[in-house]
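Here the structure is laid out as structure tokens; the discussion comes afterwards.
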Amino acid sequence: MHPVAAQPLHRALGLTDGEYDRIEGLLGREPNDFELGVFSLLWSEHCGYKHSALLLTRFPTEGPTVLQGPGENAGVINLGEGEACAFKVESHNHPSAVEPFQGAATGVGGILRDIVAMGARPVALLDGLRFGEPGFAFDRAVGGIGHYGNCLGVPTVGGDTVFDPAYAGNPLVNAMCVGLLPVDRLTRAHASRPGTPLVLFGATTGRDGIGGASVLASQELSDEDEDKRPTVQIGDPFTGKKLIEASLELVESGLVESLQDLGAAGLASSLAEMASRGGAGIDVHLDRVPLREPDLEPVEIMLSESQERMVTVANRLEQVQAICEKWELAHAVIGEVTDTGELRAYFEGELVGCIPVSFLTDECPRYPVETRPRSLEQPIDHPRIEAGADELLDLLASPNVRSRADVYERYDHLVGSRTVRRPGLDAAVLRLRPSLRGLALSLDGSGRASALDPRTGGARAVFEAARNVACAGGRPLAITDCLNFGNPEKPEVAWELEEAIEGMARACEALGIPVVSGNVSLYNETDGRAIHPTPVVGCVGSVADVRRVPGAWREGDLVLLAGSAEVSLDGSEYQARFLGGPGGRPPEPDYAAENALVRFLWRSASVLSAAHDASEGGPAVALAELALWSGVGAEVELDADAVAWFGEGGGRAVVACAPDEARRLEGVALRRLGVVGGPRVLGVGLDELRAAYARSGR
């Protein structure tokens with residue numbers, strides 16, 4: 001007998017004995033198999049956040065621009081002038097480990113629908129990728145992202161790519177989407193008026209994705225994960241495009257009370273969440289659901305994670321149906337809102353499951369995690385290392401520094417005609433037409449540094465995302481986060497998660513910005529080996545005038561290093577490349593100084609011709625990247641020491657401006673590095689730099 005079949009059903013579904021007893025106690029009876037399946041998904045780590053919900057309360061989530069914080073499909077902030085921005089980042093890690101193309105593609109599809117559910121039109125995508133090495137799996141994930149986004153006509157404008165052996169068995173695919181909507185059109189996923197019909201529309205329902213939230217997303221991976229391939233959803237971007245247009249037409253026409261994406265746990269999660277938020281109950285008739293496979297069992301229909309589906313509470317049913325017909329989408333009235341407070345499922349007139357909604361949501365277990373702090377390494381006192389051109393060229397050609405053009409050129413980053421600043425340097429910038437205002441968008445993560453010191457790594461992820469936005473002239477408004485960690489039931493992993501959250505929260509408090517949305521992805525382990533603790537942060541900032549965004553430096557400009565933060569080689573790209581791998585302890589951030597630098601950068605945008613965050617590879621790499629971006633070199637001087645050239649750890653940026661404008665720069669320490677001009681940087685010709693930097697990552 002197969003070992004899964006030999007154990008009780010609740011264990012096979014991922015529920016513990018204690019959780020099963022809790023379910024029996026709540027119901028006052030044994031759950032039937034259908035109900036147990038629903039509980040297993042809603043109480044999974046992916047849906048229920050059992051081991052992270054209590055820790056997440058540490059984040060600041062309120063602010064003057066926040067219209068919707070955590071708890072809905074996406075966060076929403078007020079941009080002024082009647083316009084709002086919805087945004088969120090989510091993970092699709094385990095599906096991408098099993099089948100990279102579809103895992104990445106459906107990750108994009110899911111985050112797009114989260115934004116649409118808020119009543120917003122998606123205008124940009126960003127992707128955060130972490131793989132063991134360049135190669136087939138990475139190439140397939142990039143292909144899946146490009147396929148879905150390109151087919152839908154949503155530009156992929158930025159992201160973050162890292163290669164590290166820590167991700168060899170468990171890659172990370174984090175997708176961020178940004179959408180725009182009028183402030184008065186904000187839509188929330190709630191069902192509150194008894195008697196209102198529920199309409200399911202979009203693609204038909206099949207077996208693909210059943211159990212994805214529990215079988216994949218809430219368990220560790222192993223060498224036998226070919227068996228989990230059926231739990232990876234299959235995406236259809238052309239149906240996704242029709243679904244987006246139909247959803248937005250329904251919202252714009254005022255025909256629906258709410259929208260909800262069908263993602264993890266399918267109808268079970270979507271209906272339970274809508275009922276919970278609205279304080280109501282829902283009756284669903286599963287035999288009315290349009291199917292692509294006619295022999296699905298009721299529990300399969302309820303839990304299927306088939307893509308490109310939405311459910312709505314319809315105010316005017318006939319008009320809703322007419323719009324679904326117009327866009328050639330399968331649709332059906334599958335139930336109605338009730339005042340029972342229960343989620344009741346029927347099939348061919350028979351009641352197959354009845355669960356009070358609060359048992360699925362409010363009563364989901366919340367476990368205080370057991371933490372075990374580990375001793376952090378002491379900073380390494382590196383002897384002076386002479387820096388030179390050969391090391392700069394080697395770093396520029398290395399997988400984690402070299403140009404990402406071979407990635408982003410596979411994406412359409414101009415569709416929609418909003419992209420003012422393209423991928424390739426710090427943050428992207430979109431225009432808020434018809435005004436001259438804009439949005440600056442970035443997505444950054446911290447894995448290697450977090451492995452050495454998770455609190456410092458968490459803070460650095462926030463500060464780097466904010467710095468990148470500020471380098472593009474954006475004032476950071478809010479962030480979204482994706483917390484990628486190992487098994488939280490291991491005390492050392494739980495400690496890493498707690499510490500990273502603390503560092504992120506302190507950084508947000510220093511910057512005065514809230515966390516408005518996010519995702520937690522745990523159990524990122526393969527055969528017991530965890531990934532680096534990897535907090536990924538997306539930041540959205542407001543740009544006052546897209547015509548004044550810093551871009552390329554010009555002949556005769558002064559080149560300055562802004563910021564005086566402590567840096568070292570610990571946790572740096574240089575250390576990983578030349579000194580045998582990560583070790584020591586990265587410098588702790590100076591929170592006040594980091595905030596001062598971010599404020600300096602966005603406030604000085606109209607004066608600066610160029611600004612570039614000095615992060616991976618330190619100032620030497622930043623200078624080389626700016627020279628290549630601008631097409632002209634600079635006569636600059638750095639102390640010929642590896643720390644001065646390649647040190648990382650604190651907030652610094654290379655900036656340039658006209659000499660007569662330098663007197664207007666104030667608020668941070670500024671060190672003159674040199675003057676723009678000539679065909680070389682740090683003694684290396686632009687042609688050599690370009691050849692190294694452009695080396696293909698595939």
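Going through the structure tokens in order, the chains are called A, B, and so on, while each chain numbers its residues from 1 and the ligands are numbered from 1 in the order shown.
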Practice prompt. Based on DSSP run over this structure's backbone, return all residues of stretch 213-409 of chain A in strand (DSSP E or B), as an NGL selection string.
Written response: :A and (221 or 256-261 or 281-285 or 291 or 309-314 or 330-338 or 342-347 or 350-356 or 386)
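Neighbouring residues of A:Arg529 at 9 Å or closer, counting only C-alpha atoms and skipping chain neighbours under 4 positions away, are Ala166, Gly169, Gly486, Asn524 and Glu525 of chain A.
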Residue selection dump (C-alpha atoms) as a PDB file, in the first residue's frame:
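In the end it all went to result-v7.pdb:
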```pdb
ATOM      1  CA  ALA A 166      21.239  28.158  -1.910  1.00  0.00           C
ATOM      2  CA  GLY A 169      16.666  22.960  -5.351  1.00  0.00           C
ATOM      3  CA  GLY A 486      12.390  27.755   5.145  1.00  0.00           C
ATOM      4  CA  ASN A 524      11.207  26.667   0.981  1.00  0.00           C
ATOM      5  CA  GLU A 525      13.408  23.656   1.622  1.00  0.00           C
TER       6      GLU A 525
END
```
With only C-alpha atoms as the counted atoms, please give the residues lying no more than 12 Å from A:Gly240, apart from itself and same-chain residues fewer than 6 positions off, as a PDB file with all heavy atoms, in the first residue's frame.
```pdb
ATOM      1  N   ALA A 105       4.477  31.544 -15.137  1.00  0.00           N
ATOM      2  CA  ALA A 105       3.391  32.165 -15.894  1.00  0.00           C
ATOM      3  C   ALA A 105       2.141  32.334 -15.046  1.00  0.00           C
ATOM      4  O   ALA A 105       1.503  33.397 -15.044  1.00  0.00           O
ATOM      5  CB  ALA A 105       3.073  31.334 -17.136  1.00  0.00           C
ATOM      6  N   THR A 106       1.767  31.293 -14.312  1.00  0.00           N
ATOM      7  CA  THR A 106       0.556  31.392 -13.500  1.00  0.00           C
ATOM      8  C   THR A 106       0.771  32.272 -12.277  1.00  0.00           C
ATOM      9  O   THR A 106      -0.189  32.823 -11.731  1.00  0.00           O
ATOM     10  CB  THR A 106       0.061  29.994 -13.093  1.00  0.00           C
ATOM     11  OG1 THR A 106       1.133  29.273 -12.474  1.00  0.00           O
ATOM     12  CG2 THR A 106      -0.412  29.225 -14.311  1.00  0.00           C
ATOM     13  N   VAL A 108       2.335  35.110 -12.522  1.00  0.00           N
ATOM     14  CA  VAL A 108       1.998  36.401 -13.112  1.00  0.00           C
ATOM     15  C   VAL A 108       0.484  36.542 -13.247  1.00  0.00           C
ATOM     16  O   VAL A 108      -0.104  37.574 -12.894  1.00  0.00           O
ATOM     17  CB  VAL A 108       2.676  36.562 -14.482  1.00  0.00           C
ATOM     18  CG1 VAL A 108       2.162  37.805 -15.206  1.00  0.00           C
ATOM     19  CG2 VAL A 108       4.189  36.643 -14.314  1.00  0.00           C
ATOM     20  N   GLY A 109      -0.175  35.486 -13.745  1.00  0.00           N
ATOM     21  CA  GLY A 109      -1.629  35.548 -13.902  1.00  0.00           C
ATOM     22  C   GLY A 109      -2.347  35.790 -12.595  1.00  0.00           C
ATOM     23  O   GLY A 109      -3.298  36.579 -12.518  1.00  0.00           O
ATOM     24  N   GLY A 110      -1.887  35.136 -11.527  1.00  0.00           N
ATOM     25  CA  GLY A 110      -2.537  35.294 -10.228  1.00  0.00           C
ATOM     26  C   GLY A 110      -2.403  36.686  -9.659  1.00  0.00           C
ATOM     27  O   GLY A 110      -3.363  37.257  -9.131  1.00  0.00           O
ATOM     28  N   ILE A 111      -1.207  37.271  -9.767  1.00  0.00           N
ATOM     29  CA  ILE A 111      -1.022  38.613  -9.198  1.00  0.00           C
ATOM     30  C   ILE A 111      -1.766  39.658 -10.019  1.00  0.00           C
ATOM     31  O   ILE A 111      -2.245  40.661  -9.476  1.00  0.00           O
ATOM     32  CB  ILE A 111       0.490  38.939  -9.069  1.00  0.00           C
ATOM     33  CG1 ILE A 111       0.708  40.114  -8.105  1.00  0.00           C
ATOM     34  CG2 ILE A 111       1.116  39.222 -10.417  1.00  0.00           C
ATOM     35  CD1 ILE A 111       0.322  39.828  -6.683  1.00  0.00           C
ATOM     36  N   LEU A 112      -1.904  39.438 -11.320  1.00  0.00           N
ATOM     37  CA  LEU A 112      -2.715  40.340 -12.143  1.00  0.00           C
ATOM     38  C   LEU A 112      -4.161  40.348 -11.666  1.00  0.00           C
ATOM     39  O   LEU A 112      -4.788  41.410 -11.543  1.00  0.00           O
ATOM     40  CB  LEU A 112      -2.649  39.906 -13.605  1.00  0.00           C
ATOM     41  CG  LEU A 112      -1.382  40.284 -14.375  1.00  0.00           C
ATOM     42  CD1 LEU A 112      -1.244  39.423 -15.629  1.00  0.00           C
ATOM     43  CD2 LEU A 112      -1.413  41.755 -14.763  1.00  0.00           C
ATOM     44  N   ARG A 113      -4.709  39.171 -11.380  1.00  0.00           N
ATOM     45  CA  ARG A 113      -6.105  39.108 -10.953  1.00  0.00           C
ATOM     46  C   ARG A 113      -6.304  39.726  -9.571  1.00  0.00           C
ATOM     47  O   ARG A 113      -7.369  40.285  -9.284  1.00  0.00           O
ATOM     48  CB  ARG A 113      -6.596  37.659 -10.983  1.00  0.00           C
ATOM     49  CG  ARG A 113      -6.687  37.089 -12.387  1.00  0.00           C
ATOM     50  CD  ARG A 113      -7.447  35.766 -12.423  1.00  0.00           C
ATOM     51  NE  ARG A 113      -6.808  34.738 -11.619  1.00  0.00           N
ATOM     52  CZ  ARG A 113      -5.799  33.980 -12.029  1.00  0.00           C
ATOM     53  NH1 ARG A 113      -5.295  34.137 -13.234  1.00  0.00           N
ATOM     54  NH2 ARG A 113      -5.284  33.054 -11.231  1.00  0.00           N
ATOM     55  N   VAL A 116      -6.785  43.346 -10.311  1.00  0.00           N
ATOM     56  CA  VAL A 116      -8.087  43.578 -10.943  1.00  0.00           C
ATOM     57  C   VAL A 116      -9.208  43.483  -9.915  1.00  0.00           C
ATOM     58  O   VAL A 116     -10.194  44.223  -9.985  1.00  0.00           O
ATOM     59  CB  VAL A 116      -8.293  42.564 -12.087  1.00  0.00           C
ATOM     60  CG1 VAL A 116      -9.721  42.624 -12.616  1.00  0.00           C
ATOM     61  CG2 VAL A 116      -7.304  42.838 -13.214  1.00  0.00           C
ATOM     62  N   TYR A 148       3.199  35.241 -20.477  1.00  0.00           N
ATOM     63  CA  TYR A 148       1.928  35.683 -19.907  1.00  0.00           C
ATOM     64  C   TYR A 148       1.785  37.207 -19.996  1.00  0.00           C
ATOM     65  O   TYR A 148       0.770  37.726 -20.466  1.00  0.00           O
ATOM     66  CB  TYR A 148       1.789  35.227 -18.453  1.00  0.00           C
ATOM     67  CG  TYR A 148       0.348  35.029 -18.042  1.00  0.00           C
ATOM     68  CD1 TYR A 148      -0.193  33.754 -17.965  1.00  0.00           C
ATOM     69  CD2 TYR A 148      -0.471  36.112 -17.754  1.00  0.00           C
ATOM     70  CE1 TYR A 148      -1.521  33.559 -17.603  1.00  0.00           C
ATOM     71  CE2 TYR A 148      -1.797  35.936 -17.398  1.00  0.00           C
ATOM     72  CZ  TYR A 148      -2.323  34.657 -17.326  1.00  0.00           C
ATOM     73  OH  TYR A 148      -3.634  34.481 -16.980  1.00  0.00           O
ATOM     74  N   GLY A 149       2.819  37.939 -19.557  1.00  0.00           N
ATOM     75  CA  GLY A 149       2.722  39.397 -19.573  1.00  0.00           C
ATOM     76  C   GLY A 149       2.614  39.958 -20.973  1.00  0.00           C
ATOM     77  O   GLY A 149       1.822  40.879 -21.238  1.00  0.00           O
ATOM     78  N   ASN A 150       3.397  39.414 -21.910  1.00  0.00           N
ATOM     79  CA  ASN A 150       3.367  39.916 -23.275  1.00  0.00           C
ATOM     80  C   ASN A 150       2.020  39.665 -23.939  1.00  0.00           C
ATOM     81  O   ASN A 150       1.505  40.517 -24.673  1.00  0.00           O
ATOM     82  CB  ASN A 150       4.482  39.262 -24.107  1.00  0.00           C
ATOM     83  CG  ASN A 150       5.870  39.682 -23.667  1.00  0.00           C
ATOM     84  OD1 ASN A 150       6.032  40.567 -22.827  1.00  0.00           O
ATOM     85  ND2 ASN A 150       6.878  39.043 -24.218  1.00  0.00           N
ATOM     86  N   CYS A 151       1.445  38.496 -23.701  1.00  0.00           N
ATOM     87  CA  CYS A 151       0.153  38.183 -24.303  1.00  0.00           C
ATOM     88  C   CYS A 151      -0.947  39.106 -23.780  1.00  0.00           C
ATOM     89  O   CYS A 151      -1.869  39.461 -24.519  1.00  0.00           O
ATOM     90  CB  CYS A 151      -0.215  36.727 -24.023  1.00  0.00           C
ATOM     91  SG  CYS A 151       0.749  35.510 -24.946  1.00  0.00           S
ATOM     92  N   LEU A 152      -0.866  39.482 -22.515  1.00  0.00           N
ATOM     93  CA  LEU A 152      -1.891  40.336 -21.928  1.00  0.00           C
ATOM     94  C   LEU A 152      -1.693  41.811 -22.253  1.00  0.00           C
ATOM     95  O   LEU A 152      -2.606  42.615 -22.097  1.00  0.00           O
ATOM     96  CB  LEU A 152      -1.922  40.178 -20.400  1.00  0.00           C
ATOM     97  CG  LEU A 152      -3.020  39.267 -19.872  1.00  0.00           C
ATOM     98  CD1 LEU A 152      -2.696  37.818 -20.179  1.00  0.00           C
ATOM     99  CD2 LEU A 152      -3.210  39.442 -18.385  1.00  0.00           C
ATOM    100  N   GLY A 153      -0.486  42.191 -22.656  1.00  0.00           N
ATOM    101  CA  GLY A 153      -0.233  43.595 -22.924  1.00  0.00           C
ATOM    102  C   GLY A 153       0.009  44.407 -21.670  1.00  0.00           C
ATOM    103  O   GLY A 153      -0.352  45.578 -21.604  1.00  0.00           O
ATOM    104  N   VAL A 154       0.632  43.782 -20.655  1.00  0.00           N
ATOM    105  CA  VAL A 154       1.032  44.504 -19.446  1.00  0.00           C
ATOM    106  C   VAL A 154       2.561  44.519 -19.415  1.00  0.00           C
ATOM    107  O   VAL A 154       3.186  43.461 -19.440  1.00  0.00           O
ATOM    108  CB  VAL A 154       0.481  43.838 -18.169  1.00  0.00           C
ATOM    109  CG1 VAL A 154       0.933  44.603 -16.928  1.00  0.00           C
ATOM    110  CG2 VAL A 154      -1.043  43.773 -18.220  1.00  0.00           C
ATOM    111  N   PHE A 201     -17.168  33.450 -13.375  1.00  0.00           N
ATOM    112  CA  PHE A 201     -16.936  33.677 -14.803  1.00  0.00           C
ATOM    113  C   PHE A 201     -15.457  33.569 -15.127  1.00  0.00           C
ATOM    114  O   PHE A 201     -14.597  33.737 -14.259  1.00  0.00           O
ATOM    115  CB  PHE A 201     -17.503  35.025 -15.248  1.00  0.00           C
ATOM    116  CG  PHE A 201     -16.866  36.238 -14.626  1.00  0.00           C
ATOM    117  CD1 PHE A 201     -15.946  37.015 -15.326  1.00  0.00           C
ATOM    118  CD2 PHE A 201     -17.206  36.642 -13.340  1.00  0.00           C
ATOM    119  CE1 PHE A 201     -15.368  38.139 -14.760  1.00  0.00           C
ATOM    120  CE2 PHE A 201     -16.645  37.776 -12.773  1.00  0.00           C
ATOM    121  CZ  PHE A 201     -15.717  38.527 -13.483  1.00  0.00           C
ATOM    122  N   GLY A 202     -15.180  33.265 -16.381  1.00  0.00           N
ATOM    123  CA  GLY A 202     -13.806  33.103 -16.831  1.00  0.00           C
ATOM    124  C   GLY A 202     -13.605  31.761 -17.490  1.00  0.00           C
ATOM    125  O   GLY A 202     -14.443  31.307 -18.280  1.00  0.00           O
ATOM    126  N   ALA A 203     -12.506  31.102 -17.171  1.00  0.00           N
ATOM    127  CA  ALA A 203     -12.211  29.795 -17.741  1.00  0.00           C
ATOM    128  C   ALA A 203     -13.073  28.722 -17.079  1.00  0.00           C
ATOM    129  O   ALA A 203     -13.639  28.926 -16.005  1.00  0.00           O
ATOM    130  CB  ALA A 203     -10.734  29.462 -17.563  1.00  0.00           C
ATOM    131  N   ILE A 234      -2.215  25.462 -15.019  1.00  0.00           N
ATOM    132  CA  ILE A 234      -1.900  25.751 -16.412  1.00  0.00           C
ATOM    133  C   ILE A 234      -2.519  27.100 -16.761  1.00  0.00           C
ATOM    134  O   ILE A 234      -3.712  27.316 -16.565  1.00  0.00           O
ATOM    135  CB  ILE A 234      -2.449  24.662 -17.353  1.00  0.00           C
ATOM    136  CG1 ILE A 234      -1.971  23.280 -16.907  1.00  0.00           C
ATOM    137  CG2 ILE A 234      -2.047  24.948 -18.794  1.00  0.00           C
ATOM    138  CD1 ILE A 234      -0.467  23.103 -16.912  1.00  0.00           C
ATOM    139  N   ALA A 246     -13.362  42.105 -18.987  1.00  0.00           N
ATOM    140  CA  ALA A 246     -14.729  41.922 -18.509  1.00  0.00           C
ATOM    141  C   ALA A 246     -14.878  42.393 -17.066  1.00  0.00           C
ATOM    142  O   ALA A 246     -15.855  43.070 -16.713  1.00  0.00           O
ATOM    143  CB  ALA A 246     -15.125  40.451 -18.629  1.00  0.00           C
ATOM    144  N   SER A 247     -13.908  42.066 -16.223  1.00  0.00           N
ATOM    145  CA  SER A 247     -13.970  42.463 -14.810  1.00  0.00           C
ATOM    146  C   SER A 247     -13.988  43.972 -14.664  1.00  0.00           C
ATOM    147  O   SER A 247     -14.781  44.535 -13.885  1.00  0.00           O
ATOM    148  CB  SER A 247     -12.772  41.870 -14.058  1.00  0.00           C
ATOM    149  OG  SER A 247     -12.785  40.471 -14.078  1.00  0.00           O
ATOM    150  N   ASP A 261     -10.706  37.057  -6.916  1.00  0.00           N
ATOM    151  CA  ASP A 261      -9.923  36.129  -7.710  1.00  0.00           C
ATOM    152  C   ASP A 261     -10.033  34.724  -7.140  1.00  0.00           C
ATOM    153  O   ASP A 261     -10.113  34.549  -5.926  1.00  0.00           O
ATOM    154  CB  ASP A 261      -8.462  36.614  -7.697  1.00  0.00           C
ATOM    155  CG  ASP A 261      -7.480  35.530  -8.101  1.00  0.00           C
ATOM    156  OD1 ASP A 261      -7.775  34.808  -9.060  1.00  0.00           O
ATOM    157  OD2 ASP A 261      -6.419  35.438  -7.461  1.00  0.00           O
ATOM    158  N   SER A 306      -7.823  25.906 -10.973  1.00  0.00           N
ATOM    159  CA  SER A 306      -7.774  26.283 -12.384  1.00  0.00           C
ATOM    160  C   SER A 306      -7.696  27.791 -12.510  1.00  0.00           C
ATOM    161  O   SER A 306      -8.355  28.536 -11.765  1.00  0.00           O
ATOM    162  CB  SER A 306      -9.011  25.760 -13.119  1.00  0.00           C
ATOM    163  OG  SER A 306      -9.012  24.353 -13.164  1.00  0.00           O
ATOM    164  N   GLN A 307      -6.911  28.242 -13.473  1.00  0.00           N
ATOM    165  CA  GLN A 307      -6.613  29.669 -13.598  1.00  0.00           C
ATOM    166  C   GLN A 307      -7.707  30.442 -14.333  1.00  0.00           C
ATOM    167  O   GLN A 307      -8.663  29.871 -14.856  1.00  0.00           O
ATOM    168  CB  GLN A 307      -5.291  29.824 -14.358  1.00  0.00           C
ATOM    169  CG  GLN A 307      -4.092  29.266 -13.609  1.00  0.00           C
ATOM    170  CD  GLN A 307      -3.724  30.113 -12.412  1.00  0.00           C
ATOM    171  OE1 GLN A 307      -3.151  31.175 -12.539  1.00  0.00           O
ATOM    172  NE2 GLN A 307      -4.055  29.641 -11.233  1.00  0.00           N
ATOM    173  N   GLU A 308      -7.525  31.771 -14.356  1.00  0.00           N
ATOM    174  CA  GLU A 308      -8.368  32.701 -15.130  1.00  0.00           C
ATOM    175  C   GLU A 308      -9.847  32.613 -14.742  1.00  0.00           C
ATOM    176  O   GLU A 308     -10.732  32.538 -15.591  1.00  0.00           O
ATOM    177  CB  GLU A 308      -8.220  32.465 -16.646  1.00  0.00           C
ATOM    178  CG  GLU A 308      -6.903  32.917 -17.213  1.00  0.00           C
ATOM    179  CD  GLU A 308      -5.785  31.893 -17.036  1.00  0.00           C
ATOM    180  OE1 GLU A 308      -6.057  30.681 -17.218  1.00  0.00           O
ATOM    181  OE2 GLU A 308      -4.655  32.286 -16.718  1.00  0.00           O
ATOM    182  N   ARG A 309     -10.115  32.622 -13.443  1.00  0.00           N
ATOM    183  CA  ARG A 309     -11.500  32.606 -12.963  1.00  0.00           C
ATOM    184  C   ARG A 309     -11.690  33.691 -11.910  1.00  0.00           C
ATOM    185  O   ARG A 309     -10.784  33.974 -11.128  1.00  0.00           O
ATOM    186  CB  ARG A 309     -11.860  31.245 -12.366  1.00  0.00           C
ATOM    187  CG  ARG A 309     -11.762  30.071 -13.330  1.00  0.00           C
ATOM    188  CD  ARG A 309     -12.151  28.766 -12.658  1.00  0.00           C
ATOM    189  NE  ARG A 309     -11.306  28.463 -11.508  1.00  0.00           N
ATOM    190  CZ  ARG A 309     -11.621  27.632 -10.522  1.00  0.00           C
ATOM    191  NH1 ARG A 309     -12.804  27.019 -10.516  1.00  0.00           N
ATOM    192  NH2 ARG A 309     -10.791  27.393  -9.529  1.00  0.00           N
ATOM    193  N   MET A 310     -12.869  34.290 -11.911  1.00  0.00           N
ATOM    194  CA  MET A 310     -13.252  35.281 -10.900  1.00  0.00           C
ATOM    195  C   MET A 310     -14.673  34.952 -10.448  1.00  0.00           C
ATOM    196  O   MET A 310     -15.473  34.384 -11.198  1.00  0.00           O
ATOM    197  CB  MET A 310     -13.229  36.698 -11.472  1.00  0.00           C
ATOM    198  CG  MET A 310     -11.893  37.167 -12.010  1.00  0.00           C
ATOM    199  SD  MET A 310     -10.726  37.687 -10.742  1.00  0.00           S
ATOM    200  CE  MET A 310     -11.351  39.312 -10.352  1.00  0.00           C
ATOM    201  N   TRP A 327     -17.645  39.053 -23.846  1.00  0.00           N
ATOM    202  CA  TRP A 327     -16.227  38.693 -23.815  1.00  0.00           C
ATOM    203  C   TRP A 327     -16.012  37.195 -23.982  1.00  0.00           C
ATOM    204  O   TRP A 327     -14.893  36.706 -23.835  1.00  0.00           O
ATOM    205  CB  TRP A 327     -15.585  39.187 -22.510  1.00  0.00           C
ATOM    206  CG  TRP A 327     -15.445  40.679 -22.480  1.00  0.00           C
ATOM    207  CD1 TRP A 327     -16.236  41.574 -21.822  1.00  0.00           C
ATOM    208  CD2 TRP A 327     -14.468  41.442 -23.177  1.00  0.00           C
ATOM    209  NE1 TRP A 327     -15.820  42.853 -22.065  1.00  0.00           N
ATOM    210  CE2 TRP A 327     -14.722  42.811 -22.891  1.00  0.00           C
ATOM    211  CE3 TRP A 327     -13.396  41.130 -24.014  1.00  0.00           C
ATOM    212  CZ2 TRP A 327     -13.946  43.840 -23.410  1.00  0.00           C
ATOM    213  CZ3 TRP A 327     -12.623  42.151 -24.535  1.00  0.00           C
ATOM    214  CH2 TRP A 327     -12.900  43.493 -24.236  1.00  0.00           C
ATOM    215  N   GLU A 328     -17.066  36.472 -24.318  1.00  0.00           N
ATOM    216  CA  GLU A 328     -16.990  35.039 -24.615  1.00  0.00           C
ATOM    217  C   GLU A 328     -16.347  34.254 -23.467  1.00  0.00           C
ATOM    218  O   GLU A 328     -15.453  33.426 -23.659  1.00  0.00           O
ATOM    219  CB  GLU A 328     -16.231  34.793 -25.922  1.00  0.00           C
ATOM    220  CG  GLU A 328     -16.880  35.459 -27.113  1.00  0.00           C
ATOM    221  CD  GLU A 328     -16.092  35.245 -28.401  1.00  0.00           C
ATOM    222  OE1 GLU A 328     -14.913  34.837 -28.320  1.00  0.00           O
ATOM    223  OE2 GLU A 328     -16.654  35.474 -29.479  1.00  0.00           O
ATOM    224  N   LEU A 329     -16.841  34.537 -22.263  1.00  0.00           N
ATOM    225  CA  LEU A 329     -16.345  33.861 -21.073  1.00  0.00           C
ATOM    226  C   LEU A 329     -17.408  32.924 -20.527  1.00  0.00           C
ATOM    227  O   LEU A 329     -18.595  33.285 -20.440  1.00  0.00           O
ATOM    228  CB  LEU A 329     -15.977  34.883 -19.989  1.00  0.00           C
ATOM    229  CG  LEU A 329     -14.788  35.798 -20.301  1.00  0.00           C
ATOM    230  CD1 LEU A 329     -14.694  36.907 -19.256  1.00  0.00           C
ATOM    231  CD2 LEU A 329     -13.491  35.007 -20.357  1.00  0.00           C
TER     232      LEU A 329
END
```
Practice prompt. Write out as a list in words the residues lying within 8 Å of stretch 339-354 of chain A, counting only C-alpha atoms and excluding same-chain residues fewer than 4 positions away.
Written response: Asn32, Phe34, Glu35, Pro194, Leu271, Ala272, Ala275, Gly279, Ala280, Gly281, Ile282, Asp283, Val284, His285, Leu286, Asp287, Pro298 and Ser358 of chain A
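Between atom CA of A:Asp570 and atom CA of A:Asp426 the interatomic distance comes to 22.7 Å.
Atom CA of A:Leu628 sits 14.2 Å away from atom CA of A:Gly683.
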Can you pull out the residues contacting A:Ala640? Cut-off 8 Å, using only C-alpha atoms, and skip same-chain residues under 4 positions away; I want them as a short mmCIF file (atom, residue, chain, number, x, y, z; two decimals) with N, CA and C atoms, in the first residue's frame.
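File selection_30.cif, as written:
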```
data_model
loop_
_atom_site.label_atom_id
_atom_site.label_comp_id
_atom_site.auth_asym_id
_atom_site.auth_seq_id
_atom_site.Cartn_x
_atom_site.Cartn_y
_atom_site.Cartn_z
N GLU A 386 44.45 45.21 -2.52
CA GLU A 386 44.60 46.14 -3.63
C GLU A 386 43.53 45.86 -4.69
N ALA A 387 42.77 46.87 -5.03
CA ALA A 387 41.72 46.73 -6.04
C ALA A 387 42.26 47.14 -7.40
N GLY A 388 41.67 46.58 -8.46
CA GLY A 388 42.15 46.92 -9.78
C GLY A 388 41.15 46.61 -10.87
N ALA A 644 36.97 50.19 -0.58
CA ALA A 644 36.59 51.46 -1.20
C ALA A 644 35.93 51.24 -2.55
N TRP A 645 36.41 50.26 -3.30
CA TRP A 645 35.86 50.01 -4.62
C TRP A 645 34.57 49.17 -4.56
#
```
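When only C-alpha atoms are used to compute distances to A:Ser604, the closest of the residues A:Val643, A:Pro679, A:Ala470, A:Leu579 turns out to be A:Ala470.
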Item to complete: Excluding A:Ala466 and any residue of its chain fewer than 2 positions from it, enumerate the residues within 9 Å of it, using only C-alpha atoms, and give them as a PyMOL selection string.
Response: chain A and resi 442+461-464+468-471+474-476+479+511+538-541+598
Practice prompt. Pull the alpha helix (DSSP H) assignments for stretch 545-654 of chain A out of DSSP run on the backbone, and list those residues as an MDAnalysis selection string.
Written response: chainID A and resid 573:578 591:603 618:630 642:646
Fill in: Nearby residues (only C-alpha atoms) at most 7 Å from stretch 493-506 of chain A, same-chain spacing under 6 positions excluded, as a PyMOL selection string
chain A and resi 55+58-60+369-373+454-459+462+485-487+533
